[in-house]
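For reference, work-v3.tsv is printed below; it contains TSV, C-alpha atoms.
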```tsv
chain	number	residue	atom	x	y	z
P	1	MET	CA	53.42	-47.17	-38.13
P	2	LYS	CA	54.36	-44.11	-36.11
P	3	LYS	CA	52.74	-41.83	-38.67
P	4	THR	CA	49.52	-43.87	-38.54
P	5	LEU	CA	49.46	-43.67	-34.73
P	6	VAL	CA	49.85	-39.86	-34.82
P	7	ILE	CA	46.98	-39.54	-37.29
P	8	PHE	CA	44.78	-41.80	-35.12
P	9	MET	CA	45.51	-39.81	-31.94
P	10	THR	CA	44.80	-36.52	-33.74
P	11	LEU	CA	41.43	-37.79	-34.98
P	12	LEU	CA	40.55	-39.07	-31.47
P	13	LEU	CA	41.39	-35.67	-29.93
P	14	VAL	CA	39.19	-33.89	-32.50
P	15	LEU	CA	36.27	-36.21	-31.72
P	16	VAL	CA	36.63	-35.74	-27.95
P	17	VAL	CA	36.85	-31.93	-28.21
P	18	GLY	CA	33.91	-31.87	-30.59
P	19	ALA	CA	31.81	-34.00	-28.25
P	20	CYS	CA	32.64	-31.80	-25.27
P	21	SER	CA	31.86	-28.67	-27.26
P	22	SER	CA	28.56	-30.16	-28.36
P	23	GLN	CA	27.67	-31.18	-24.81
P	24	GLU	CA	28.61	-27.73	-23.50
P	25	THR	CA	26.39	-26.13	-26.15
P	26	LYS	CA	23.50	-28.39	-25.17
P	27	THR	CA	24.00	-27.64	-21.46
P	28	THR	CA	24.19	-23.90	-22.08
P	29	SER	CA	21.15	-24.06	-24.29
P	30	LYS	CA	19.24	-26.03	-21.66
P	31	ALA	CA	20.27	-23.60	-18.90
P	32	SER	CA	19.17	-20.66	-21.03
P	33	SER	CA	15.92	-22.42	-21.76
P	34	GLU	CA	15.34	-23.14	-18.07
P	35	THR	CA	16.17	-19.52	-17.17
P	36	ALA	CA	13.77	-18.23	-19.76
P	37	LYS	CA	11.18	-20.70	-18.55
P	38	GLY	CA	11.74	-19.62	-14.94
P	39	GLU	CA	11.45	-15.97	-15.87
P	40	SER	CA	8.19	-16.58	-17.68
P	41	LYS	CA	6.67	-17.83	-14.44
P	42	VAL	CA	7.29	-14.54	-12.65
P	43	GLN	CA	4.21	-12.35	-13.00
P	44	LYS	CA	4.61	-8.60	-12.71
P	45	ILE	CA	2.08	-7.00	-10.36
P	46	ILE	CA	1.50	-3.25	-10.47
P	47	VAL	CA	0.79	-1.87	-7.00
P	48	GLY	CA	-1.05	1.42	-6.85
P	49	THR	CA	-0.18	3.77	-4.01
P	50	GLY	CA	0.22	7.46	-3.24
P	51	THR	CA	2.93	9.89	-2.22
P	52	GLN	CA	1.02	12.22	0.11
P	53	PHE	CA	0.08	10.02	3.07
P	54	PRO	CA	2.53	10.69	5.92
P	55	ASN	CA	4.23	7.57	7.31
P	56	VAL	CA	2.12	5.32	5.05
P	57	CYS	CA	3.15	6.10	1.47
P	58	PHE	CA	5.26	9.18	0.83
P	59	ILE	CA	8.51	10.43	-0.68
P	60	ASP	CA	11.23	10.83	1.93
P	61	LYS	CA	13.96	13.50	2.01
P	62	ASP	CA	16.14	11.34	-0.24
P	63	GLY	CA	13.44	11.08	-2.90
P	64	LYS	CA	12.58	7.47	-2.05
P	65	LEU	CA	9.06	6.08	-1.96
P	66	THR	CA	8.60	4.59	1.50
P	67	GLY	CA	6.25	4.30	4.48
P	68	TYR	CA	4.35	1.56	6.29
P	69	ASP	CA	2.25	0.29	3.38
P	70	VAL	CA	5.14	0.52	0.92
P	71	GLU	CA	7.61	-1.37	3.11
P	72	LEU	CA	5.01	-4.01	4.00
P	73	VAL	CA	4.35	-4.62	0.29
P	74	ARG	CA	8.10	-5.02	-0.24
P	75	LYS	CA	8.21	-7.64	2.54
P	76	ILE	CA	5.24	-9.46	0.98
P	77	ASP	CA	7.02	-9.39	-2.39
P	78	GLU	CA	9.99	-11.18	-0.83
P	79	LYS	CA	7.64	-13.98	0.26
P	80	LEU	CA	6.15	-14.48	-3.20
P	81	PRO	CA	8.80	-15.54	-5.75
P	82	GLU	CA	6.18	-16.10	-8.45
P	83	TYR	CA	5.37	-12.38	-8.44
P	84	GLU	CA	7.37	-9.22	-8.98
P	85	PHE	CA	5.75	-6.14	-7.43
P	86	GLU	CA	6.22	-2.73	-9.01
P	87	PHE	CA	4.82	0.49	-7.55
P	88	LYS	CA	2.85	3.03	-9.54
P	89	THR	CA	2.13	6.25	-7.69
P	90	MET	CA	-0.79	8.61	-8.24
P	91	GLU	CA	-3.30	10.86	-6.52
P	92	PHE	CA	-5.45	8.94	-4.06
P	93	SER	CA	-8.61	9.94	-5.95
P	94	ASN	CA	-7.32	8.13	-9.06
P	95	LEU	CA	-6.54	4.79	-7.39
P	96	LEU	CA	-9.99	3.19	-7.58
P	97	LEU	CA	-10.49	4.09	-11.23
P	98	SER	CA	-7.00	2.81	-12.08
P	99	LEU	CA	-7.81	-0.51	-10.40
P	100	GLU	CA	-11.15	-0.75	-12.18
P	101	THR	CA	-9.53	-0.09	-15.58
P	102	ASN	CA	-6.69	-2.60	-15.06
P	103	LYS	CA	-3.96	0.02	-14.88
P	104	ILE	CA	-2.92	-1.39	-11.51
P	105	ASP	CA	-3.43	-4.80	-9.88
P	106	PHE	CA	-4.01	-3.84	-6.26
P	107	ILE	CA	-4.05	-0.81	-4.00
P	108	ALA	CA	-1.82	-0.30	-0.96
P	109	HIS	CA	-3.12	2.83	0.73
P	110	GLN	CA	-4.73	1.95	4.09
P	111	MET	CA	-7.96	0.84	2.41
P	112	GLU	CA	-10.90	0.33	4.76
P	113	VAL	CA	-14.02	-1.63	3.89
P	114	ASN	CA	-17.16	0.18	2.83
P	115	GLU	CA	-20.21	-0.94	0.87
P	116	GLU	CA	-19.33	0.93	-2.31
P	117	ARG	CA	-15.89	-0.63	-2.50
P	118	GLN	CA	-17.20	-4.11	-1.69
P	119	LYS	CA	-19.61	-4.00	-4.63
P	120	LYS	CA	-16.84	-3.34	-7.15
P	121	PHE	CA	-13.68	-4.79	-5.71
P	122	LEU	CA	-12.11	-7.60	-3.69
P	123	PHE	CA	-10.44	-7.05	-0.33
P	124	ASN	CA	-7.82	-9.47	0.91
P	125	GLU	CA	-8.98	-11.32	4.03
P	126	GLU	CA	-6.09	-10.75	6.47
P	127	PRO	CA	-6.01	-7.16	7.83
P	128	TYR	CA	-2.62	-5.59	8.40
P	129	ASN	CA	-3.53	-2.86	10.89
P	130	VAL	CA	-6.38	-0.83	12.28
P	131	PHE	CA	-7.09	2.74	11.22
P	132	PRO	CA	-8.27	5.05	14.03
P	133	LEU	CA	-10.02	8.10	12.58
P	134	HIS	CA	-10.40	11.17	14.79
P	135	VAL	CA	-11.66	14.70	14.42
P	136	THR	CA	-8.53	16.78	13.94
P	137	ILE	CA	-8.32	20.55	14.44
P	138	ASN	CA	-5.87	23.41	14.86
P	139	LYS	CA	-3.98	23.08	18.14
P	140	ASN	CA	-5.24	26.52	19.26
P	141	ASN	CA	-8.90	25.67	18.69
P	142	ASN	CA	-10.65	25.14	22.05
P	143	ASP	CA	-14.23	25.15	20.74
P	144	ILE	CA	-14.35	21.75	19.05
P	145	HIS	CA	-14.19	18.67	21.28
P	146	SER	CA	-15.98	16.04	19.17
P	147	ILE	CA	-17.79	15.55	15.90
P	148	LYS	CA	-20.95	16.98	17.46
P	149	ASP	CA	-19.23	20.37	17.62
P	150	LEU	CA	-18.78	20.48	13.83
P	151	LYS	CA	-22.31	21.76	13.14
P	152	GLY	CA	-21.99	24.86	10.99
P	153	LYS	CA	-18.24	24.25	10.66
P	154	LYS	CA	-16.15	23.46	7.60
P	155	ALA	CA	-14.52	20.00	7.50
P	156	ILE	CA	-11.99	19.16	4.79
P	157	VAL	CA	-11.38	15.58	3.58
P	158	SER	CA	-9.92	13.83	0.53
P	159	ALA	CA	-12.46	12.85	-2.10
P	160	THR	CA	-13.27	9.07	-2.21
P	161	SER	CA	-11.41	8.50	1.09
P	162	ASN	CA	-13.08	6.59	3.90
P	163	SER	CA	-12.99	9.82	5.90
P	164	ALA	CA	-15.12	11.42	3.20
P	165	VAL	CA	-17.50	8.46	3.01
P	166	PHE	CA	-17.90	8.42	6.78
P	167	LEU	CA	-18.47	12.16	7.07
P	168	GLU	CA	-20.95	12.29	4.20
P	169	LYS	CA	-22.96	9.45	5.74
P	170	TYR	CA	-22.81	10.96	9.23
P	171	ASN	CA	-23.90	14.34	7.92
P	172	LYS	CA	-26.90	12.85	6.12
P	173	GLU	CA	-28.05	10.46	8.83
P	174	ASN	CA	-27.71	12.96	11.67
P	175	ASN	CA	-28.65	16.15	9.85
P	176	ALA	CA	-25.37	17.36	11.31
P	177	GLY	CA	-25.01	20.55	9.28
P	178	ILE	CA	-21.32	20.07	8.56
P	179	GLU	CA	-19.97	21.87	5.49
P	180	ILE	CA	-17.81	19.29	3.72
P	181	VAL	CA	-15.09	20.45	1.33
P	182	TYR	CA	-12.58	18.35	-0.57
P	183	ALA	CA	-8.82	18.77	-0.38
P	184	GLY	CA	-6.70	20.05	-3.22
P	185	ASN	CA	-2.94	20.57	-3.45
P	186	GLY	CA	-0.64	23.45	-2.57
P	187	PRO	CA	-2.44	26.33	-0.84
P	188	ASP	CA	-5.65	24.30	-0.82
P	189	SER	CA	-4.16	21.31	1.00
P	190	THR	CA	-5.72	20.06	4.21
P	191	ILE	CA	-2.70	21.11	6.27
P	192	ASN	CA	-2.77	24.67	5.00
P	193	GLN	CA	-6.51	25.08	5.37
P	194	ILE	CA	-6.50	23.87	8.98
P	195	LYS	CA	-3.42	25.91	9.81
P	196	THR	CA	-4.80	29.15	8.36
P	197	GLY	CA	-8.32	28.67	9.70
P	198	ARG	CA	-9.97	28.38	6.26
P	199	ALA	CA	-11.22	24.96	7.41
P	200	ASP	CA	-12.15	24.04	10.96
P	201	ALA	CA	-11.43	20.33	11.02
P	202	THR	CA	-10.48	17.20	9.15
P	203	ILE	CA	-10.86	13.49	9.84
P	204	THR	CA	-7.56	11.68	10.09
P	205	THR	CA	-5.30	9.47	12.23
P	206	PRO	CA	-3.08	10.31	15.20
P	207	PHE	CA	0.00	9.05	13.35
P	208	SER	CA	-0.69	11.42	10.43
P	209	VAL	CA	-1.06	14.31	12.87
P	210	ASP	CA	2.21	13.46	14.63
P	211	PHE	CA	4.07	13.22	11.33
P	212	ASN	CA	2.66	16.49	9.97
P	213	ASN	CA	3.40	18.34	13.17
P	214	ASP	CA	7.00	17.18	13.13
P	215	ALA	CA	7.58	17.53	9.40
P	216	VAL	CA	5.85	20.80	8.49
P	217	ASP	CA	4.65	22.32	11.76
P	218	ALA	CA	1.02	21.56	10.89
P	219	GLN	CA	-0.17	22.74	14.32
P	220	GLN	CA	-2.83	20.04	14.61
P	221	LYS	CA	-4.33	17.97	17.42
P	222	VAL	CA	-6.89	15.16	17.61
P	223	VAL	CA	-9.98	15.47	19.80
P	224	GLY	CA	-12.69	13.13	21.03
P	225	GLU	CA	-13.03	9.38	20.80
P	226	PRO	CA	-12.21	7.48	17.59
P	227	LEU	CA	-14.97	7.84	15.01
P	228	LEU	CA	-13.88	4.62	13.37
P	229	ASN	CA	-11.36	1.99	14.34
P	230	SER	CA	-11.68	-0.11	11.24
P	231	LYS	CA	-9.37	-2.76	9.89
P	232	VAL	CA	-7.17	-2.07	6.89
P	233	TYR	CA	-6.71	-4.26	3.82
P	234	PHE	CA	-5.31	-4.31	0.30
P	235	LEU	CA	-7.86	-3.81	-2.45
P	236	LEU	CA	-7.88	-5.97	-5.59
P	237	ARG	CA	-10.12	-6.61	-8.58
P	238	LYS	CA	-12.84	-9.25	-8.36
P	239	ASP	CA	-10.94	-11.53	-10.75
P	240	GLU	CA	-7.87	-11.83	-8.52
P	241	PRO	CA	-8.58	-14.53	-5.87
P	242	PRO	CA	-5.24	-16.34	-6.55
P	243	LEU	CA	-3.26	-13.17	-5.81
P	244	GLN	CA	-5.51	-12.44	-2.84
P	245	LYS	CA	-4.78	-15.84	-1.30
P	246	ARG	CA	-1.02	-15.51	-1.77
P	247	ILE	CA	-0.99	-12.03	-0.22
P	248	ASP	CA	-2.98	-13.30	2.77
P	249	LYS	CA	-0.59	-16.22	3.26
P	250	ALA	CA	2.39	-13.85	3.22
P	251	ILE	CA	0.76	-11.45	5.71
P	252	VAL	CA	0.01	-14.30	8.13
P	253	GLU	CA	3.65	-15.42	7.97
P	254	LEU	CA	4.95	-11.87	8.42
P	255	LYS	CA	2.71	-11.40	11.45
P	256	LYS	CA	4.01	-14.59	13.04
P	257	GLU	CA	7.57	-13.41	12.41
P	258	GLY	CA	6.82	-10.08	14.11
P	259	VAL	CA	7.59	-8.10	10.95
P	260	VAL	CA	4.17	-6.42	10.65
P	261	SER	CA	4.26	-5.31	14.27
P	262	GLU	CA	7.76	-3.86	13.93
P	263	LEU	CA	6.85	-1.99	10.75
P	264	SER	CA	3.80	-0.53	12.50
P	265	LYS	CA	5.90	0.68	15.43
P	266	LYS	CA	8.52	2.16	13.12
P	267	TRP	CA	6.20	4.00	10.75
P	268	LEU	CA	2.97	4.57	12.68
P	269	GLY	CA	4.46	5.17	16.12
P	270	ALA	CA	2.68	2.27	17.84
P	271	ASP	CA	1.60	-1.31	17.23
P	272	TYR	CA	-1.67	-0.85	15.37
P	273	THR	CA	-1.85	-4.58	14.66
P	274	VAL	CA	-2.90	-5.58	18.19
P	275	ASN	CA	-6.67	-5.10	17.93
P	276	PHE	CA	-7.45	-8.03	15.62
```
Could you render the structure as structure tokens?
Amino acid sequence: MKKTLVIFMTLLLVLVVGACSSQETKTTSKASSETAKGESKVQKIIVGTGTQFPNVCFIDKDGKLTGYDVELVRKIDEKLPEYEFEFKTMEFSNLLLSLETNKIDFIAHQMEVNEERQKKFLFNEEPYNVFPLHVTINKNNNDIHSIKDLKGKKAIVSATSNSAVFLEKYNKENNAGIEIVYAGNGPDSTINQIKTGRADATITTPFSVDFNNDAVDAQQKVVGEPLLNSKVYFLLRKDEPPLQKRIDKAIVELKKEGVVSELSKKWLGADYTVNF
């Protein structure tokens, strides 16, 4: 009788342990399945940006990609759990082609609206700051006071930038006689050409001038009234309305929370979000 009872208890223990092990396996399998399922819902988004735009998108002294646009995108990413944003850096002149050929999903580089871009691409609807463009010259130049003084002068801008688009259009419509050249790297950079007098002016923002003066002694100053004070957006492909809407929703929330304003003050030196 005692032997029978021992055998019965042993069999019962084996059954209980086996059931628990089976249940644990099922639970683990279900958790793994749910994790895999959750991960499959997260869509990777490649964000195109640059490394040469002071205070907007640049590499800091520690080798980190940062700046106003970069940090704002990171804040937007935190608001959108269904997406995972990853930066891809390149020359500004390559951004539009990379977007058009699906190498990136949207551009974060202080993109202003112009007709050419509107025909090919999709802007998000909620601007995240304004972009004041000024004539910028060497600090020792006392002959140029506005864009009207650029006749017969050499102005350097980045190809495909809104500064270039604006200047090309102004030159044509006003028969302004401005010699437009396009920036390269190294000795041909805008900073070096303005500093050495090989170019007379560029078209840029006060916050870029302040940064360059502090960082590399660019010896620049802005003159005249703003040529443009346009709103800035992210630029997407035409087939991306769902992403566009989610980005807009996140920007609206971040504005209400004061995050966009604080980022503007930190990186651009003032609240450039107040003119909406």
Check your understanding: Which residues, written as a PyMOL selection string, have at least one atom at most 9 Å from Leu268 of chain P, with all atoms listed in the file counted and residues fewer than 6 positions away on the same chain left out?
Key -> chain P and resi 55-56+67-68+206-208+211
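Proximity to segment 152-159 of chain P at 9 Å, evaluated using all atoms listed in the file and with sequence-adjacent residues fewer than 3 positions away removed, yields P:Phe92, P:Ser93, P:Asp149, P:Asn162, P:Ser163, P:Ala164, P:Val165, P:Leu167, P:Ala176, P:Gly177, P:Ile178, P:Glu179, P:Ile180, P:Val181, P:Tyr182, P:Ala183, P:Gly184, P:Ser189, P:Thr190, P:Gln193, P:Ile194, P:Arg198, P:Ala199, P:Asp200, P:Ala201, P:Thr202, P:Ile203, P:Thr204.
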Review point. Which of these, P:Glu125, P:Glu225, P:Glu116, P:Asp105, has the shortest distance to Glu240 of chain P once you count all atoms listed in the file?
Key: P:Asp105
**Study point:** Residue nearest Phe106 of chain P among P:Val260, P:Val252, P:Ile144, P:Leu122 (counting only C-alpha atoms)
**Key:** P:Leu122
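Of the listed residues P:Leu95, P:Leu72, P:Met111, P:Ile147, the one whose atoms come nearest to Tyr233 of chain P is P:Met111, with distances taken using only C-alpha atoms.
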**Study point:** Residues within 10 Å of Val222 of chain P, all atoms listed in the file, excluding chain neighbours under 6 positions, as a PyMOL selection string
**Key:** chain P and resi 133-139+145-146+201-206+209-210
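Of the listed residues P:Ile251, P:Asn94, P:Val42, P:Arg246, the one whose atoms come nearest to Glu82 of chain P is P:Val42, with distances taken using only C-alpha atoms.
One finds atom CA of Asn114 of chain P at 18.8 Å from atom CA of Asn174 of chain P.
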